[in-house]
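Structure record follows, encoded as structure tokens.
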Amino acid sequence: MKHAKTSLLRVWLFRPSQAMERGARIGNTNVLGLGSLPVESTRSKQDKQLARDQEKAWADLLMRTSLSRTCEGLVPPEAFVFAREPRGKPKVDWEHTLFRAGLPNHCALPGRVAFNMTHTNGMMACATLYHAHEPWEGSLLTVGIDLESIQRRPRKGVETLARRRLAGPEAEWILQSATEEGKVQRFLEIWTLKEAYLKATGDGLSSGLGLKKFCISFQDDIDATVAGAGQDPETNFATGMKSSKGARRMHIQHEAIQAKNHANGRTVLTAESGGSPGYVGDASAEGWQSVLFEVEQTHLLALCYNLQWSKGAPTGLMPLTSHPTNCNLELVSTVPLLGPDKNVDSRMLASTL
């Protein structure tokens, strides 16, 4: 495999309706089985179960096809074997995958490729992260992705859900919006970003980390220097996307550790200057980077990733996240096994970079 000099984070977006329109088939078998299903209100229990089964089948095909293309076809889609990390995050079982693909165990793929899946109403996506350099012991390569329809509305109301599930400063920021639609938009942005972060770390929404254990904040009205603005295409972090003039810079901070004030014995929360009360640090200092997009004017898409090298890496191979131009980002629309891939109508809303 000819290794690129630049690491690549690619998002493969897929709408099952696209496959219906094209009559997607594998061999002589229609992948969708039933074809068009009745609308939700008229579906029988059998129809709904079949729709769920079809969605799982499409997600599996998208995951396998995306990984195979990330590996430049060295591993066919059907050869991938999957396992789970200790906290449940899916991963490639490279030992069995390489065996099924007929590749040697010393193949350079393990440690270079990470992935994550997400799906929501009408759309699913697979994020693949390919590392351009050999991994070292202690290096971290991970990615998390989440999708939310911009039409989603919390059943219990924005204020109730924000105060119950999110960090205090996040809830206050959401509720400061002058309109109900503005509150919903802010809530969806925060929620999508937090899900992607927890999926990247492997913790998940049900983990002990919890949504309130870290806080996302935005610095409004600044121009992001990624994705356009006349940059050289070879050094552009986000390619094939609209200019992100006006995109917001964002920060991810973790809950502050309580410490005793030795002068008077009181318990105080330490916070950095300018940070959210009760939350300190910046996750980007540990190699974590996040980005938020609106795609096809219908969905929010959040990515979180880390390309952190261990401290023992050779000189010159410092964390790639310190140099975002070393990691290109592409969003493509695809149909599993069929293609061709197309650029996605998207615009960047916020980034930690």
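Going by the structure tokens order, chains are called A, B, ..., each with residues numbered from 1, while ligands are numbered from 1 in the order shown.
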
For His96 (chain A), work out the shell of residues within 10 Å, counting only C-alpha atoms and skipping chain neighbours fewer than 2 positions away, then give it as an mmCIF file with N, CA, C and O atoms, in the first residue's frame.
data_model
loop_
_atom_site.group_PDB
_atom_site.id
_atom_site.type_symbol
_atom_site.label_atom_id
_atom_site.label_comp_id
_atom_site.auth_asym_id
_atom_site.auth_seq_id
_atom_site.Cartn_x
_atom_site.Cartn_y
_atom_site.Cartn_z
ATOM 1 N N ALA A 79 -14.184 -9.087 3.949
ATOM 2 C CA ALA A 79 -13.117 -9.665 4.776
ATOM 3 C C ALA A 79 -13.051 -9.065 6.176
ATOM 4 O O ALA A 79 -12.437 -9.651 7.075
ATOM 5 N N PHE A 80 -13.657 -7.913 6.381
ATOM 6 C CA PHE A 80 -13.529 -7.243 7.682
ATOM 7 C C PHE A 80 -14.238 -8.033 8.786
ATOM 8 O O PHE A 80 -15.366 -8.497 8.634
ATOM 9 N N VAL A 81 -13.519 -8.172 9.897
ATOM 10 C CA VAL A 81 -14.052 -8.782 11.109
ATOM 11 C C VAL A 81 -14.007 -7.721 12.202
ATOM 12 O O VAL A 81 -13.003 -6.997 12.324
ATOM 13 N N PHE A 82 -15.058 -7.641 12.996
ATOM 14 C CA PHE A 82 -15.147 -6.571 13.990
ATOM 15 C C PHE A 82 -15.189 -7.128 15.403
ATOM 16 O O PHE A 82 -15.653 -8.237 15.651
ATOM 17 N N VAL A 92 -11.919 -2.693 14.347
ATOM 18 C CA VAL A 92 -11.550 -3.763 13.420
ATOM 19 C C VAL A 92 -10.694 -4.788 14.151
ATOM 20 O O VAL A 92 -9.741 -4.436 14.848
ATOM 21 N N ASP A 93 -11.042 -6.052 14.013
ATOM 22 C CA ASP A 93 -10.203 -7.152 14.497
ATOM 23 C C ASP A 93 -9.193 -7.434 13.391
ATOM 24 O O ASP A 93 -9.466 -8.207 12.464
ATOM 25 N N TRP A 94 -8.046 -6.783 13.477
ATOM 26 C CA TRP A 94 -7.097 -6.828 12.369
ATOM 27 C C TRP A 94 -6.492 -8.212 12.166
ATOM 28 O O TRP A 94 -6.201 -8.616 11.034
ATOM 29 N N LEU A 98 -6.981 -9.498 8.441
ATOM 30 C CA LEU A 98 -5.832 -9.708 7.542
ATOM 31 C C LEU A 98 -5.765 -11.156 7.078
ATOM 32 O O LEU A 98 -5.406 -11.435 5.919
ATOM 33 N N PHE A 99 -6.101 -12.089 7.965
ATOM 34 C CA PHE A 99 -6.095 -13.502 7.590
ATOM 35 C C PHE A 99 -7.114 -13.753 6.482
ATOM 36 O O PHE A 99 -6.815 -14.421 5.484
ATOM 37 N N ARG A 100 -8.328 -13.210 6.636
ATOM 38 C CA ARG A 100 -9.371 -13.415 5.638
ATOM 39 C C ARG A 100 -9.038 -12.716 4.324
ATOM 40 O O ARG A 100 -9.469 -13.160 3.249
ATOM 41 N N ALA A 101 -8.281 -11.615 4.412
ATOM 42 C CA ALA A 101 -7.897 -10.887 3.203
ATOM 43 C C ALA A 101 -6.648 -11.454 2.556
ATOM 44 O O ALA A 101 -6.247 -10.999 1.475
ATOM 45 N N GLY A 102 -6.018 -12.445 3.212
ATOM 46 C CA GLY A 102 -4.797 -13.036 2.672
ATOM 47 C C GLY A 102 -3.600 -12.122 2.757
ATOM 48 O O GLY A 102 -2.669 -12.207 1.945
ATOM 49 N N ASN A 105 0.606 -10.631 8.608
ATOM 50 C CA ASN A 105 0.359 -9.988 9.899
ATOM 51 C C ASN A 105 1.150 -8.706 10.076
ATOM 52 O O ASN A 105 0.762 -7.829 10.853
#

Got a sec to tell me which of region 64-256 of chain A DSSP assigns to strand (DSSP E), as a short mmCIF file (atom, residue, chain, number, x, y, z; two decimals) with N, CA, C and O atoms, in the first residue's frame?
data_model
loop_
_atom_site.label_atom_id
_atom_site.label_comp_id
_atom_site.auth_asym_id
_atom_site.auth_seq_id
_atom_site.Cartn_x
_atom_site.Cartn_y
_atom_site.Cartn_z
N PHE A 82 -15.06 -7.64 13.00
CA PHE A 82 -15.15 -6.57 13.99
C PHE A 82 -15.19 -7.13 15.40
O PHE A 82 -15.65 -8.24 15.65
N ALA A 83 -14.67 -6.32 16.32
CA ALA A 83 -14.69 -6.65 17.74
C ALA A 83 -15.09 -5.37 18.48
O ALA A 83 -15.47 -4.38 17.87
N ARG A 84 -14.99 -5.40 19.81
CA ARG A 84 -15.33 -4.21 20.60
C ARG A 84 -14.24 -3.91 21.61
O ARG A 84 -13.61 -4.81 22.15
N PRO A 90 -17.03 -0.19 18.70
CA PRO A 90 -16.61 -1.14 17.66
C PRO A 90 -15.21 -0.82 17.12
O PRO A 90 -14.82 0.34 17.04
N LYS A 91 -14.49 -1.84 16.75
CA LYS A 91 -13.16 -1.69 16.15
C LYS A 91 -12.92 -2.84 15.19
O LYS A 91 -13.64 -3.85 15.19
N VAL A 92 -11.92 -2.69 14.35
CA VAL A 92 -11.55 -3.76 13.42
C VAL A 92 -10.69 -4.79 14.15
O VAL A 92 -9.74 -4.44 14.85
N VAL A 113 -5.71 2.97 10.87
CA VAL A 113 -7.09 3.21 10.45
C VAL A 113 -8.03 3.15 11.65
O VAL A 113 -7.97 2.21 12.44
N ALA A 114 -8.88 4.17 11.77
CA ALA A 114 -9.93 4.18 12.78
C ALA A 114 -11.25 4.54 12.09
O ALA A 114 -11.24 5.13 11.01
N PHE A 115 -12.37 4.18 12.71
CA PHE A 115 -13.67 4.46 12.09
C PHE A 115 -14.73 4.63 13.16
O PHE A 115 -14.56 4.25 14.32
N ASN A 116 -15.87 5.18 12.74
CA ASN A 116 -17.03 5.29 13.61
C ASN A 116 -18.27 5.49 12.74
O ASN A 116 -18.18 6.07 11.65
N MET A 117 -19.41 4.99 13.22
CA MET A 117 -20.66 5.04 12.46
C MET A 117 -21.71 5.86 13.18
O MET A 117 -21.71 5.97 14.41
N THR A 118 -22.64 6.41 12.42
CA THR A 118 -23.81 7.09 12.98
C THR A 118 -24.96 7.01 11.98
O THR A 118 -24.73 6.88 10.78
N HIS A 119 -26.18 7.09 12.49
CA HIS A 119 -27.32 7.16 11.58
C HIS A 119 -28.46 7.87 12.29
O HIS A 119 -28.58 7.87 13.52
N THR A 120 -29.29 8.51 11.51
CA THR A 120 -30.47 9.21 11.99
C THR A 120 -31.51 9.18 10.89
O THR A 120 -31.31 8.52 9.86
N MET A 123 -30.61 9.38 6.91
CA MET A 123 -29.20 9.50 6.54
C MET A 123 -28.33 8.71 7.51
O MET A 123 -28.65 8.59 8.69
N MET A 124 -27.24 8.16 7.00
CA MET A 124 -26.24 7.51 7.84
C MET A 124 -24.86 7.91 7.35
O MET A 124 -24.70 8.38 6.21
N ALA A 125 -23.85 7.73 8.19
CA ALA A 125 -22.50 8.17 7.83
C ALA A 125 -21.47 7.29 8.52
O ALA A 125 -21.67 6.82 9.64
N CYS A 126 -20.37 7.09 7.84
CA CYS A 126 -19.21 6.41 8.39
C CYS A 126 -18.01 7.35 8.29
O CYS A 126 -17.73 7.89 7.21
N ALA A 127 -17.33 7.58 9.40
CA ALA A 127 -16.11 8.39 9.41
C ALA A 127 -14.92 7.46 9.46
O ALA A 127 -14.85 6.55 10.30
N THR A 128 -13.97 7.64 8.53
CA THR A 128 -12.74 6.86 8.54
C THR A 128 -11.55 7.80 8.68
O THR A 128 -11.50 8.84 8.03
N LEU A 129 -10.64 7.43 9.52
CA LEU A 129 -9.45 8.24 9.79
C LEU A 129 -8.22 7.41 9.45
O LEU A 129 -7.99 6.34 10.03
N TYR A 130 -7.45 7.88 8.47
CA TYR A 130 -6.24 7.17 8.05
C TYR A 130 -5.02 7.97 8.47
O TYR A 130 -4.88 9.15 8.13
N THR A 142 -8.24 7.84 16.99
CA THR A 142 -9.66 7.58 17.21
C THR A 142 -10.50 8.67 16.59
O THR A 142 -10.04 9.80 16.39
N VAL A 143 -11.75 8.32 16.26
CA VAL A 143 -12.68 9.28 15.67
C VAL A 143 -14.08 8.96 16.16
O VAL A 143 -14.43 7.80 16.41
N GLY A 144 -14.89 10.00 16.34
CA GLY A 144 -16.30 9.85 16.69
C GLY A 144 -17.13 10.74 15.78
O GLY A 144 -16.69 11.82 15.40
N ILE A 145 -18.33 10.29 15.43
CA ILE A 145 -19.18 11.06 14.53
C ILE A 145 -20.63 10.97 15.01
O ILE A 145 -21.05 9.95 15.56
N ASP A 146 -21.38 12.05 14.80
CA ASP A 146 -22.80 12.03 15.12
C ASP A 146 -23.56 12.88 14.10
O ASP A 146 -23.05 13.90 13.63
N LEU A 147 -24.77 12.45 13.78
CA LEU A 147 -25.67 13.14 12.87
C LEU A 147 -26.98 13.44 13.58
O LEU A 147 -27.47 12.61 14.36
N GLU A 148 -27.54 14.61 13.33
CA GLU A 148 -28.87 14.94 13.85
C GLU A 148 -29.63 15.71 12.77
O GLU A 148 -29.07 16.61 12.13
N SER A 149 -30.87 15.36 12.58
CA SER A 149 -31.72 16.12 11.66
C SER A 149 -32.01 17.49 12.26
O SER A 149 -32.30 17.60 13.45
N PHE A 214 -18.24 17.55 30.97
CA PHE A 214 -17.43 18.43 30.12
C PHE A 214 -18.34 19.46 29.49
O PHE A 214 -19.56 19.29 29.41
N CYS A 215 -17.75 20.56 29.06
CA CYS A 215 -18.53 21.72 28.62
C CYS A 215 -18.00 22.24 27.29
O CYS A 215 -16.79 22.41 27.11
N ILE A 216 -18.91 22.49 26.35
CA ILE A 216 -18.56 23.07 25.06
C ILE A 216 -18.99 24.53 25.04
O ILE A 216 -20.13 24.85 25.39
N SER A 217 -18.09 25.40 24.65
CA SER A 217 -18.41 26.82 24.56
C SER A 217 -17.94 27.35 23.21
O SER A 217 -17.04 26.80 22.59
N PHE A 218 -18.57 28.43 22.77
CA PHE A 218 -18.28 29.01 21.47
C PHE A 218 -17.77 30.44 21.62
O PHE A 218 -18.20 31.19 22.49
N GLN A 219 -16.82 30.78 20.76
CA GLN A 219 -16.37 32.16 20.62
C GLN A 219 -16.96 32.66 19.32
O GLN A 219 -16.53 32.27 18.24
N ARG A 248 -17.54 29.64 13.92
CA ARG A 248 -17.17 29.96 15.30
C ARG A 248 -16.06 29.05 15.80
O ARG A 248 -16.01 27.88 15.48
N ARG A 249 -15.19 29.63 16.59
CA ARG A 249 -14.19 28.83 17.31
C ARG A 249 -14.86 28.26 18.55
O ARG A 249 -15.64 28.95 19.21
N MET A 250 -14.57 27.01 18.86
CA MET A 250 -15.18 26.43 20.05
C MET A 250 -14.12 25.78 20.93
O MET A 250 -13.01 25.47 20.49
N HIS A 251 -14.49 25.57 22.19
CA HIS A 251 -13.59 24.98 23.17
C HIS A 251 -14.32 23.87 23.92
O HIS A 251 -15.53 23.96 24.16
N ILE A 252 -13.58 22.83 24.28
CA ILE A 252 -14.11 21.75 25.10
C ILE A 252 -13.31 21.72 26.40
O ILE A 252 -12.09 21.55 26.37
N GLN A 253 -14.00 21.91 27.52
CA GLN A 253 -13.34 21.92 28.82
C GLN A 253 -13.95 20.83 29.70
O GLN A 253 -15.13 20.51 29.60
N HIS A 254 -13.12 20.30 30.60
CA HIS A 254 -13.58 19.27 31.51
C HIS A 254 -13.94 19.86 32.87
O HIS A 254 -13.44 20.92 33.25
N GLU A 255 -14.79 19.15 33.58
CA GLU A 255 -15.22 19.61 34.90
C GLU A 255 -14.01 19.80 35.80
O GLU A 255 -13.11 18.95 35.86
#

Check: Pick from A:Val184, A:Ala171, A:Leu193, A:Val11: nearest to Gly157 (chain A), with only C-alpha atoms counted?
Finding: A:Val184

Checklist line | One-decimal distance in Å that lies between CA of Val332 (chain A) and CA of Gly122 (chain A) | finding: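 CA of Val332 (chain A) lies at a distance of 16.1 Å from CA of Gly122 (chain A).
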
Item checked: Shortest interatomic distance to Ser177 (chain A) - which of A:Ser7, A:Val158, A:Arg347, A:Leu337, counting only C-alpha atoms -> A:Val158
